[in-house]
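For reference, the structure is listed below as C-alpha cells.
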Amino acid sequence: MKAAVYHGIRDVRVQYVPMPSAGPGEVVLRVLLCAVCGTDKRIFTHGQKNVVPPAITGHEIVGTVHQIGPGVGGGLQVGQKVIVATVVGCGRCVYCRRKQYNLCDSFTALGYDYAGGFAEYVKIPASAVAQGNVIAIPGSMSPERAALVEPLSCCLNGQEYLGAQPGDRAVIFGAGPIGLMHAGILKARGCQPLIVADMVDERLAYVREFGLGLPVNTAGAEAVERILKAGGGEKFDVAVTACAVKAAQADALRLVRKKGRISFFAGIPKDDPILGIDTNHIHYSEISVFGCFASNLQHYHQALEMVSRDDLPWDRFVTHKFKLDDILQAYAVVEAGQGIKTVIDCQ
Ligand SMILES: [Zn+2]
Ligand SMILES: [Zn+2]
C-alpha cells in the first residue's frame, strides 16, 4: 500500500510499504481521509520522542472497516464508516481504572507509537479496539465532517471544565482551527459577547465569515485593552487560550471577572513555561484555571453528535484537501497557517 513515511525531520516520503493485516483483536481500516493536526506538523518540523522513524503519523482518521481480526466484539462490520480515538490507555494505572485514558501514566497513541492514518490502510491495535476506540459513524456523514470529530473532542474536554452558560461573556485567544471550534461550542452555549483574538487578519476573517463572534486583532497593541474595549469595557466569565503563547495566558487572567473560568487549552513552548501570576486575584475573585490534554471516549461521542447537526458551519472548516502523494504541500499550508483544516485524501 501507499503511505507517507516519516524518516526524520522534514523528511517524509510517499512510498509503498507492506499492507497491514488484522491479527487477533485487531481491525484494519481503509483510510478515507486523515486530517493534519498541529502536532503532525510539529512532528514534521521538530520531531517527537515517541515517533521513531520510519513511522506513519496522522491520528485524525476517518475510514471504513476493511478487515476484522478474530475475536473482535462490538458489532463492527466490514464496510462500516468509522473514526478512531487516538489515545490508548495501559489499562492498569489509576486513571485507566477510572476510564480516564487520556491521563494514563503510560498511554500510547495512534499516529505516534502506532502507525497512523497518512496511508491507504491503517491497523488499529487490539488494545485500542478493546478500549472502544473504533467508533462507528453514520454512513451519511461526510468524511470531511467526521475528520473534525477528533480535534472537536479535545475542545469539548476543555469546555467541560468551563461550564459556559447562556449569557456568559467569553474570550478566545487564537483563531486557528481549535480557536474556531471553541468559538463554535461557546456560541452554541449562548455566550455573548464572544470575542476571538488573533494577530493575523486572514484567520480573523474566518471568525466573521462563519458568524462565530467578534474578531479582534491584537497585533502590536495592548491586547487586554483592545479586547476589553471590543467587549464594551466589561470583563469576561470564560476565557480559552487556544494558541501556544504565554502572554495570552497572562492576558486571560487579567480579562476574567469574579468567578471567571479559564482553560489553558494550548500548551506553550517547553523551554519557558513558568508564568508569574497574581495569585491574590485568583484567591479573592474566585478565579478557576483549568488544564486540558487530548480527550476521552465520551468527548468523541459528544463531538460526533455536534458535527452531525447543522447549526454550525462545519462543512466550511475543511479549507484545503490534498492527495496522499502531495502531503508535503499539505504540511506547507499548515506551517504557513493558511486556511483552517487541511485534510489528506488517502484514496
Ligand atoms: Zn489532533
Ligand atoms: Zn493507564
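Chain labels A, B, ... are given in the sequence in which chains occur in the C-alpha cells; within each chain residues are numbered consecutively from 1, and ligands are likewise numbered from 1 in the order shown.
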Please list as a list in words every residue within 7 Å of region 51-53 of chain A, counting only C-alpha atoms and excluding residues in the same chain fewer than 5 positions away.
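Counting only the stated atoms, we get Tyr6, His7, Gly8, Tyr112 and Asp113 of chain A.
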Which residues, written as a VMD selection string, have at least one atom at most 9 Å from Ala219 (chain A), with only C-alpha atoms counted and residues fewer than 2 positions away on the same chain left out?
chain A and resid 198 to 200 217 221 to 223
Selection to disk with C-alpha atoms, as a PDB file, in the first residue's frame:
ATOM      1  CA  ASP A 198      -5.622  36.731  16.989  1.00  0.00           C
ATOM      2  CA  MET A 199      -2.774  38.629  15.407  1.00  0.00           C
ATOM      3  CA  VAL A 200      -3.425  37.511  11.822  1.00  0.00           C
ATOM      4  CA  ASN A 217      -6.712  41.844  16.055  1.00  0.00           C
ATOM      5  CA  ALA A 221      -1.029  46.542  20.661  1.00  0.00           C
ATOM      6  CA  GLU A 222      -2.051  46.232  24.271  1.00  0.00           C
ATOM      7  CA  ALA A 223      -4.199  43.105  23.820  1.00  0.00           C
TER       8      ALA A 223
END
If we count only C-alpha atoms and set the cut-off at 7 Å, which residues sit around Gly47 (chain A), ignoring sequence neighbours fewer than 3 positions away in its own chain? Please answer as a VMD selection string.
chain A and resid 8 to 9 42 to 44
Okay, now the selection with C-alpha atoms, as a PDB file, in the first residue's frame?
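Just written: part_36.pdb:
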ATOM      1  CA  GLY A   8      13.081  12.247  10.163  1.00  0.00           C
ATOM      2  CA  ILE A   9      12.648  15.989  10.482  1.00  0.00           C
ATOM      3  CA  ARG A  42       5.240  19.769  14.708  1.00  0.00           C
ATOM      4  CA  ILE A  43       6.480  16.178  14.262  1.00  0.00           C
ATOM      5  CA  PHE A  44       7.349  17.042  10.659  1.00  0.00           C
TER       6      PHE A  44
END
Between CA of Ala294 (chain A) and CA of Asp105 (chain A), what is the spacing in Å?
13.6 Å
Can you list every residue of chain A that has an atom at most 10 Å from ligand 2, with its nearest atom pair and the distance in Å to one decimal, using only C-alpha atoms and all ligand atoms, ordered by chain then number, as CSV?
residue,atom,partner,partner_atom_place_in_ligand_line,distance
A:Val88,CA,ligand 2,1 (Zn),8.3
A:Gly89,CA,ligand 2,1 (Zn),4.5
A:Cys90,CA,ligand 2,1 (Zn),3.9
A:Gly91,CA,ligand 2,1 (Zn),4.9
A:Arg92,CA,ligand 2,1 (Zn),5.2
A:Cys93,CA,ligand 2,1 (Zn),4.1
A:Val94,CA,ligand 2,1 (Zn),6.6
A:Tyr95,CA,ligand 2,1 (Zn),5.6
A:Cys96,CA,ligand 2,1 (Zn),4.3
A:Arg97,CA,ligand 2,1 (Zn),7.4
A:Arg98,CA,ligand 2,1 (Zn),9.2
A:Lys99,CA,ligand 2,1 (Zn),8.6
A:Gln100,CA,ligand 2,1 (Zn),8.1
A:Tyr101,CA,ligand 2,1 (Zn),6.2
A:Asn102,CA,ligand 2,1 (Zn),8.5
A:Leu103,CA,ligand 2,1 (Zn),7.3
A:Cys104,CA,ligand 2,1 (Zn),3.8
A:Asp105,CA,ligand 2,1 (Zn),5.3
A:Ser106,CA,ligand 2,1 (Zn),5.7
A:Phe107,CA,ligand 2,1 (Zn),6.0
A:Thr108,CA,ligand 2,1 (Zn),9.3
Members of region 137-342 of chain A assigned strand (DSSP E) by DSSP, as a PyMOL selection string:
chain A and resi 170-173+194-198+214-217+236-241+256-263+288-290+318-323+341-342
Give the residue list for ligand 1 at 12 Å, counting only C-alpha atoms and all ligand atoms, as an mmCIF file with C-alpha atoms, in the first residue's frame, sorted by chain and then by residue number.
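Written output follows (part_12.cif):
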data_model
loop_
_atom_site.group_PDB
_atom_site.id
_atom_site.type_symbol
_atom_site.label_atom_id
_atom_site.label_comp_id
_atom_site.auth_asym_id
_atom_site.auth_seq_id
_atom_site.Cartn_x
_atom_site.Cartn_y
_atom_site.Cartn_z
ATOM 1 C CA CYS A 34 -6.863 11.875 7.624
ATOM 2 C CA ALA A 35 -6.723 15.494 8.766
ATOM 3 C CA VAL A 36 -3.440 17.222 9.547
ATOM 4 C CA CYS A 37 -3.229 18.199 13.209
ATOM 5 C CA GLY A 38 -0.946 20.908 14.558
ATOM 6 C CA THR A 39 1.006 18.119 16.238
ATOM 7 C CA ASP A 40 1.519 16.304 12.911
ATOM 8 C CA LYS A 41 3.070 19.487 11.583
ATOM 9 C CA ARG A 42 5.240 19.769 14.708
ATOM 10 C CA THR A 57 1.827 9.681 11.501
ATOM 11 C CA GLY A 58 -1.718 11.095 11.344
ATOM 12 C CA HIS A 59 -4.360 10.491 14.009
ATOM 13 C CA GLU A 60 -7.465 12.366 12.808
ATOM 14 C CA ILE A 61 -8.589 9.290 10.908
ATOM 15 C CA VAL A 84 -10.735 6.382 15.652
ATOM 16 C CA ALA A 85 -9.937 7.682 19.130
ATOM 17 C CA THR A 86 -6.224 8.451 19.383
ATOM 18 C CA VAL A 87 -5.138 7.631 22.920
ATOM 19 C CA ALA A 109 -1.326 6.750 20.695
ATOM 20 C CA LEU A 110 -2.306 6.111 17.099
ATOM 21 C CA GLY A 111 -0.121 8.068 14.716
ATOM 22 C CA TYR A 112 2.661 8.276 17.311
ATOM 23 C CA GLY A 116 -1.268 6.331 11.758
ATOM 24 C CA GLY A 117 -3.603 7.437 9.028
ATOM 25 C CA ALA A 147 -12.459 14.409 10.380
ATOM 26 C CA LEU A 148 -13.397 17.265 12.720
ATOM 27 C CA VAL A 149 -14.511 14.920 15.492
ATOM 28 C CA GLU A 150 -11.046 14.277 16.974
ATOM 29 C CA PRO A 151 -9.990 17.935 17.372
ATOM 30 C CA LEU A 152 -13.517 18.898 18.459
ATOM 31 C CA SER A 153 -13.452 16.145 21.091
ATOM 32 C CA CYS A 154 -10.358 17.774 22.617
ATOM 33 C CA CYS A 155 -12.146 21.145 22.706
ATOM 34 C CA PRO A 177 -8.990 25.557 13.839
ATOM 35 C CA ILE A 178 -9.033 24.911 17.591
ATOM 36 C CA PHE A 293 -4.968 17.246 27.454
ATOM 37 C CA ALA A 294 -6.371 15.382 24.462
ATOM 38 C CA SER A 295 -9.792 13.823 25.081
ATOM 39 C CA LYS A 341 -8.385 22.460 8.483
ATOM 40 C CA THR A 342 -6.170 20.703 5.951
ATOM 41 C CA VAL A 343 -7.008 17.091 5.156
#
Which residues are close to region 300-311 of chain A, i.e. within 12 Å by only C-alpha atoms, leaving aside same-chain residues fewer than 2 positions away? Reply as JSON, numbers by chain.
{"A": [60, 82, 83, 84, 85, 86, 87, 132, 133, 134, 135, 136, 137, 138, 139, 140, 141, 142, 143, 144, 145, 146, 147, 148, 149, 150, 151, 152, 153, 154, 155, 156, 157, 159, 160, 181, 182, 184, 185, 187, 188, 189, 210, 211, 212, 294, 295, 296, 297, 298, 313, 314, 315, 316, 317]}
CA of Gly73 (chain A) to CA of Val129 (chain A): how many Å, to one decimal?
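Between these atoms lies a distance of 8.7 Å.
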Please list as an NGL selection string every residue within 9 Å of Val78 (chain A), counting only C-alpha atoms and excluding residues in the same chain fewer than 4 positions away.
:A and (64-68)
